[in-house]
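Novice: Right, I'll just put the structure down here and ask away after.
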Amino acid sequence: MTITDERATTWARRALFAVLAIATLEWGMAAWAYRDPLDDAAWAALAEDIAAMPEAEPVVLASEWLGSSARMHVAALARTDAVARPDLRGWSRFHTVGFDTRWSPELAADLEDLPAPTRVESRAVGPFTITTYEQAAAGTLVGDLLGDVDALAVEDGAGRCRGRGELRCGAGTLAVRTAEIDYRPRQCLALDVRDGASLRIARTDTATGDVIRGHVGFADFNARLRNDSPVALRVEIDGEVAAQWTVTDAQGWWPFAIAVEPGAHDVAFVVDVGVGGRWTARGYDAAAPRTVCLEARTLQEGA
């Protein structure tokens, strides 16, 4: 080998080592830049921080795409009142978890007609941002009127509905459960009843604030495509009709509100279902009920 060949070989080796060094450096930089920040340590730190918060202050996701992982790692984010909340009423102080302070479309929709809340503080917990909000207009929750089935007196045309946890009537069944309504999970009193059912759902001597608020919706996406029959809802307070509406599938998670004098009242919800089944490729199937979902709470919103 000549001196020229040796020099060429040496430079070739040096060039190869330089290329390998640059490639190794770029690989290391890429691994650092694209590393997964959501490791077990990050989730554990978030769970510990949230566990130290007051239990009465809800914690919800502001980045919904984190949902599955977040709810597996952080128990507070998997609570029914966080995942299947009716709205943001009654939340005078709450916290959101995301990668910044932006809100998810779900949180924005749950404001309904409330003004935007006031941001109190934001802080970083590893890759996450926890933001605390206050909302004076949200009011104070006095009670869930339909959350305890065993406290309800329910009747249909055939008489009183009976059972514990799930009430059985001649017209069908009622139970508190989480259902998909308008593409969202919601906890509600689910009514699976047949055509023409009329149910009276009552609570006596119930403590109320100055307003009763609630929602009506219809569960199951496929059923919504196949039945747009409305239901009629009437609310009675101390035996007098306070309000009544007709609600259809197209109205989604439909909110209602009724002013009431604070105190103790007999409150009843009368639900009339015209067509309770579904239309399928084989025609109308009355044995496959379309679930009607109803939730109602009483709040104190005034001074």
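We name chains A, B, ... following the order of the structure tokens; residues begin at 1 in each chain, and ligands are numbered from 1 as shown.
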Quick one: DSSP helix (DSSP H, G or I) residues in range 197-260 of chain A, as a list in words?
Specialist: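 Filtering range 197-260 of chain A to helix (DSSP H, G or I) leaves Phe221, Asn222, Ala223, Arg224, Leu225, Arg226, Asp249, Ala250 and Gln251 of chain A.
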Novice: Keeping all heavy atoms for every residue in the selection just given, could you write it to a file as a PDB file, in the first residue's frame?
Specialist:
```
ATOM      1  N   PHE A 221     -76.845   5.695  20.689  1.00  0.00           N
ATOM      2  CA  PHE A 221     -76.760   6.387  19.405  1.00  0.00           C
ATOM      3  C   PHE A 221     -77.627   5.724  18.338  1.00  0.00           C
ATOM      4  O   PHE A 221     -78.348   6.382  17.603  1.00  0.00           O
ATOM      5  CB  PHE A 221     -75.304   6.411  18.940  1.00  0.00           C
ATOM      6  CG  PHE A 221     -75.120   6.897  17.531  1.00  0.00           C
ATOM      7  CD1 PHE A 221     -75.374   8.212  17.202  1.00  0.00           C
ATOM      8  CD2 PHE A 221     -74.697   6.040  16.540  1.00  0.00           C
ATOM      9  CE1 PHE A 221     -75.215   8.669  15.905  1.00  0.00           C
ATOM     10  CE2 PHE A 221     -74.533   6.491  15.247  1.00  0.00           C
ATOM     11  CZ  PHE A 221     -74.787   7.802  14.930  1.00  0.00           C
ATOM     12  N   ASN A 222     -77.577   4.405  18.242  1.00  0.00           N
ATOM     13  CA  ASN A 222     -78.355   3.724  17.205  1.00  0.00           C
ATOM     14  C   ASN A 222     -79.848   3.942  17.404  1.00  0.00           C
ATOM     15  O   ASN A 222     -80.597   4.126  16.446  1.00  0.00           O
ATOM     16  CB  ASN A 222     -78.030   2.228  17.203  1.00  0.00           C
ATOM     17  CG  ASN A 222     -76.641   1.945  16.694  1.00  0.00           C
ATOM     18  OD1 ASN A 222     -76.186   2.617  15.789  1.00  0.00           O
ATOM     19  ND2 ASN A 222     -75.964   0.989  17.293  1.00  0.00           N
ATOM     20  N   ALA A 223     -80.288   3.926  18.663  1.00  0.00           N
ATOM     21  CA  ALA A 223     -81.716   4.151  18.912  1.00  0.00           C
ATOM     22  C   ALA A 223     -82.115   5.558  18.508  1.00  0.00           C
ATOM     23  O   ALA A 223     -83.221   5.792  18.027  1.00  0.00           O
ATOM     24  CB  ALA A 223     -82.024   3.921  20.390  1.00  0.00           C
ATOM     25  N   ARG A 224     -81.224   6.524  18.690  1.00  0.00           N
ATOM     26  CA  ARG A 224     -81.578   7.902  18.343  1.00  0.00           C
ATOM     27  C   ARG A 224     -81.813   8.047  16.848  1.00  0.00           C
ATOM     28  O   ARG A 224     -82.610   8.862  16.412  1.00  0.00           O
ATOM     29  CB  ARG A 224     -80.464   8.869  18.787  1.00  0.00           C
ATOM     30  CG  ARG A 224     -80.387   9.039  20.288  1.00  0.00           C
ATOM     31  CD  ARG A 224     -79.710  10.347  20.634  1.00  0.00           C
ATOM     32  NE  ARG A 224     -78.448  10.522  19.971  1.00  0.00           N
ATOM     33  CZ  ARG A 224     -77.279  10.079  20.422  1.00  0.00           C
ATOM     34  NH1 ARG A 224     -77.240   9.403  21.554  1.00  0.00           N
ATOM     35  NH2 ARG A 224     -76.172  10.305  19.767  1.00  0.00           N
ATOM     36  N   LEU A 225     -81.114   7.247  16.065  1.00  0.00           N
ATOM     37  CA  LEU A 225     -81.320   7.311  14.621  1.00  0.00           C
ATOM     38  C   LEU A 225     -82.665   6.718  14.221  1.00  0.00           C
ATOM     39  O   LEU A 225     -83.169   7.028  13.149  1.00  0.00           O
ATOM     40  CB  LEU A 225     -80.202   6.551  13.897  1.00  0.00           C
ATOM     41  CG  LEU A 225     -78.833   7.223  13.849  1.00  0.00           C
ATOM     42  CD1 LEU A 225     -77.871   6.337  13.082  1.00  0.00           C
ATOM     43  CD2 LEU A 225     -78.914   8.598  13.203  1.00  0.00           C
ATOM     44  N   ARG A 226     -83.234   5.892  15.089  1.00  0.00           N
ATOM     45  CA  ARG A 226     -84.410   5.126  14.696  1.00  0.00           C
ATOM     46  C   ARG A 226     -85.693   5.513  15.421  1.00  0.00           C
ATOM     47  O   ARG A 226     -86.703   4.882  15.249  1.00  0.00           O
ATOM     48  CB  ARG A 226     -84.134   3.632  14.910  1.00  0.00           C
ATOM     49  CG  ARG A 226     -83.039   3.104  13.994  1.00  0.00           C
ATOM     50  CD  ARG A 226     -82.685   1.667  14.367  1.00  0.00           C
ATOM     51  NE  ARG A 226     -81.788   1.075  13.408  1.00  0.00           N
ATOM     52  CZ  ARG A 226     -80.461   1.228  13.430  1.00  0.00           C
ATOM     53  NH1 ARG A 226     -79.902   1.964  14.362  1.00  0.00           N
ATOM     54  NH2 ARG A 226     -79.699   0.662  12.518  1.00  0.00           N
ATOM     55  N   ASP A 249     -85.193  13.735  20.676  1.00  0.00           N
ATOM     56  CA  ASP A 249     -83.805  13.317  20.504  1.00  0.00           C
ATOM     57  C   ASP A 249     -82.927  14.453  20.000  1.00  0.00           C
ATOM     58  O   ASP A 249     -81.777  14.595  20.415  1.00  0.00           O
ATOM     59  CB  ASP A 249     -83.717  12.183  19.470  1.00  0.00           C
ATOM     60  CG  ASP A 249     -84.357  10.902  19.959  1.00  0.00           C
ATOM     61  OD1 ASP A 249     -84.145  10.551  21.121  1.00  0.00           O
ATOM     62  OD2 ASP A 249     -85.062  10.257  19.168  1.00  0.00           O
ATOM     63  N   ALA A 250     -83.450  15.231  19.068  1.00  0.00           N
ATOM     64  CA  ALA A 250     -82.647  16.261  18.409  1.00  0.00           C
ATOM     65  C   ALA A 250     -82.155  17.329  19.373  1.00  0.00           C
ATOM     66  O   ALA A 250     -81.228  18.079  19.055  1.00  0.00           O
ATOM     67  CB  ALA A 250     -83.455  16.914  17.284  1.00  0.00           C
ATOM     68  N   GLN A 251     -82.730  17.413  20.567  1.00  0.00           N
ATOM     69  CA  GLN A 251     -82.331  18.427  21.537  1.00  0.00           C
ATOM     70  C   GLN A 251     -81.168  17.994  22.418  1.00  0.00           C
ATOM     71  O   GLN A 251     -80.704  18.757  23.258  1.00  0.00           O
ATOM     72  CB  GLN A 251     -83.540  18.818  22.404  1.00  0.00           C
ATOM     73  CG  GLN A 251     -84.587  19.592  21.624  1.00  0.00           C
ATOM     74  CD  GLN A 251     -85.870  19.781  22.398  1.00  0.00           C
ATOM     75  OE1 GLN A 251     -86.746  18.929  22.405  1.00  0.00           O
ATOM     76  NE2 GLN A 251     -85.991  20.907  23.074  1.00  0.00           N
TER      77      GLN A 251
END
```
Novice: Write out as a ChimeraX atom specification which residues come within 10 Å of Glu64 in chain A when counting only C-alpha atoms, dropping same-chain ones fewer than 5 positions away.
Specialist: /A:70,97-98,103-107
Novice: Which neighbours of range 240-242 of chain A fall inside 12 Å, counting only C-alpha atoms, when residues of the same chain fewer than 6 positions from it are skipped, and could you give them as number ranges by chain?
Specialist: A: 211-212, 233-234, 256-261, 265-270
Novice: Could you take the residues named above and write them with N, CA, C and O atoms, as a PDB file, in the first residue's frame?
Specialist:
```pdb
ATOM      1  N   VAL A 211     -83.577  26.982  43.169  1.00  0.00           N
ATOM      2  CA  VAL A 211     -83.806  26.557  41.795  1.00  0.00           C
ATOM      3  C   VAL A 211     -83.660  25.046  41.692  1.00  0.00           C
ATOM      4  O   VAL A 211     -82.852  24.431  42.402  1.00  0.00           O
ATOM      5  N   ILE A 212     -84.492  24.444  40.851  1.00  0.00           N
ATOM      6  CA  ILE A 212     -84.356  23.034  40.485  1.00  0.00           C
ATOM      7  C   ILE A 212     -83.853  23.004  39.047  1.00  0.00           C
ATOM      8  O   ILE A 212     -84.466  23.608  38.162  1.00  0.00           O
ATOM      9  N   LEU A 233     -92.478  16.030  29.724  1.00  0.00           N
ATOM     10  CA  LEU A 233     -92.030  16.110  31.110  1.00  0.00           C
ATOM     11  C   LEU A 233     -92.818  17.198  31.827  1.00  0.00           C
ATOM     12  O   LEU A 233     -92.898  18.329  31.354  1.00  0.00           O
ATOM     13  N   ARG A 234     -93.396  16.846  32.963  1.00  0.00           N
ATOM     14  CA  ARG A 234     -94.106  17.806  33.798  1.00  0.00           C
ATOM     15  C   ARG A 234     -93.507  17.768  35.200  1.00  0.00           C
ATOM     16  O   ARG A 234     -93.241  16.690  35.742  1.00  0.00           O
ATOM     17  N   PHE A 256     -83.165  22.049  31.819  1.00  0.00           N
ATOM     18  CA  PHE A 256     -84.342  22.800  32.263  1.00  0.00           C
ATOM     19  C   PHE A 256     -84.056  23.392  33.634  1.00  0.00           C
ATOM     20  O   PHE A 256     -83.155  22.948  34.371  1.00  0.00           O
ATOM     21  N   ALA A 257     -84.820  24.416  34.000  1.00  0.00           N
ATOM     22  CA  ALA A 257     -84.653  25.079  35.298  1.00  0.00           C
ATOM     23  C   ALA A 257     -85.999  25.604  35.773  1.00  0.00           C
ATOM     24  O   ALA A 257     -86.810  26.078  34.969  1.00  0.00           O
ATOM     25  N   ILE A 258     -86.236  25.511  37.086  1.00  0.00           N
ATOM     26  CA  ILE A 258     -87.480  25.977  37.692  1.00  0.00           C
ATOM     27  C   ILE A 258     -87.133  26.712  38.984  1.00  0.00           C
ATOM     28  O   ILE A 258     -86.465  26.156  39.867  1.00  0.00           O
ATOM     29  N   ALA A 259     -87.577  27.940  39.116  1.00  0.00           N
ATOM     30  CA  ALA A 259     -87.381  28.681  40.362  1.00  0.00           C
ATOM     31  C   ALA A 259     -88.292  28.107  41.436  1.00  0.00           C
ATOM     32  O   ALA A 259     -89.424  27.706  41.163  1.00  0.00           O
ATOM     33  N   VAL A 260     -87.792  28.069  42.679  1.00  0.00           N
ATOM     34  CA  VAL A 260     -88.568  27.515  43.788  1.00  0.00           C
ATOM     35  C   VAL A 260     -88.172  28.252  45.058  1.00  0.00           C
ATOM     36  O   VAL A 260     -87.051  28.749  45.182  1.00  0.00           O
ATOM     37  N   GLU A 261     -89.096  28.331  45.989  1.00  0.00           N
ATOM     38  CA  GLU A 261     -88.791  28.932  47.284  1.00  0.00           C
ATOM     39  C   GLU A 261     -87.901  27.980  48.085  1.00  0.00           C
ATOM     40  O   GLU A 261     -88.207  26.786  48.194  1.00  0.00           O
ATOM     41  N   HIS A 265     -90.026  20.780  50.137  1.00  0.00           N
ATOM     42  CA  HIS A 265     -91.161  20.670  49.211  1.00  0.00           C
ATOM     43  C   HIS A 265     -91.340  19.228  48.765  1.00  0.00           C
ATOM     44  O   HIS A 265     -90.389  18.431  48.763  1.00  0.00           O
ATOM     45  N   ASP A 266     -92.565  18.916  48.370  1.00  0.00           N
ATOM     46  CA  ASP A 266     -92.838  17.675  47.654  1.00  0.00           C
ATOM     47  C   ASP A 266     -92.618  17.955  46.172  1.00  0.00           C
ATOM     48  O   ASP A 266     -93.240  18.858  45.607  1.00  0.00           O
ATOM     49  N   VAL A 267     -91.712  17.193  45.566  1.00  0.00           N
ATOM     50  CA  VAL A 267     -91.350  17.419  44.162  1.00  0.00           C
ATOM     51  C   VAL A 267     -91.657  16.152  43.368  1.00  0.00           C
ATOM     52  O   VAL A 267     -91.306  15.041  43.798  1.00  0.00           O
ATOM     53  N   ALA A 268     -92.296  16.302  42.222  1.00  0.00           N
ATOM     54  CA  ALA A 268     -92.630  15.151  41.382  1.00  0.00           C
ATOM     55  C   ALA A 268     -92.315  15.460  39.926  1.00  0.00           C
ATOM     56  O   ALA A 268     -92.504  16.587  39.456  1.00  0.00           O
ATOM     57  N   PHE A 269     -91.834  14.428  39.221  1.00  0.00           N
ATOM     58  CA  PHE A 269     -91.560  14.510  37.786  1.00  0.00           C
ATOM     59  C   PHE A 269     -92.470  13.490  37.096  1.00  0.00           C
ATOM     60  O   PHE A 269     -92.413  12.299  37.418  1.00  0.00           O
ATOM     61  N   VAL A 270     -93.289  13.956  36.183  1.00  0.00           N
ATOM     62  CA  VAL A 270     -94.187  13.071  35.446  1.00  0.00           C
ATOM     63  C   VAL A 270     -93.668  12.962  34.016  1.00  0.00           C
ATOM     64  O   VAL A 270     -93.542  13.973  33.309  1.00  0.00           O
TER      65      VAL A 270
END
```
Novice: Write out as a tab-separated table a residue-level contact list of range 51-141 of chain A versus range 187-195 of chain A with cut-off 8 Å: for each qualifying residue the closest pair of atoms and the distance in Å to one decimal, counting only C-alpha atoms, rows sorted by chain and residue number upward.
Specialist:
```
residue	atom	partner	partner_atom	distance
A:Thr80	CA	A:Gln187	CA	7.5
A:Ala84	CA	A:Gln187	CA	5.4
A:Arg85	CA	A:Gln187	CA	6.8
A:Pro86	CA	A:Gln187	CA	7.2
```
Novice: Quick one: DSSP strand (DSSP E or B) residues in range 23-111 of chain A, as a list in words?
Specialist: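 Selection result, strand (DSSP E or B) within range 23-111 of chain A: Val59, Val60, Leu61, Arg93, Phe94, His95, Thr96, Val97 and Gly98 of chain A.
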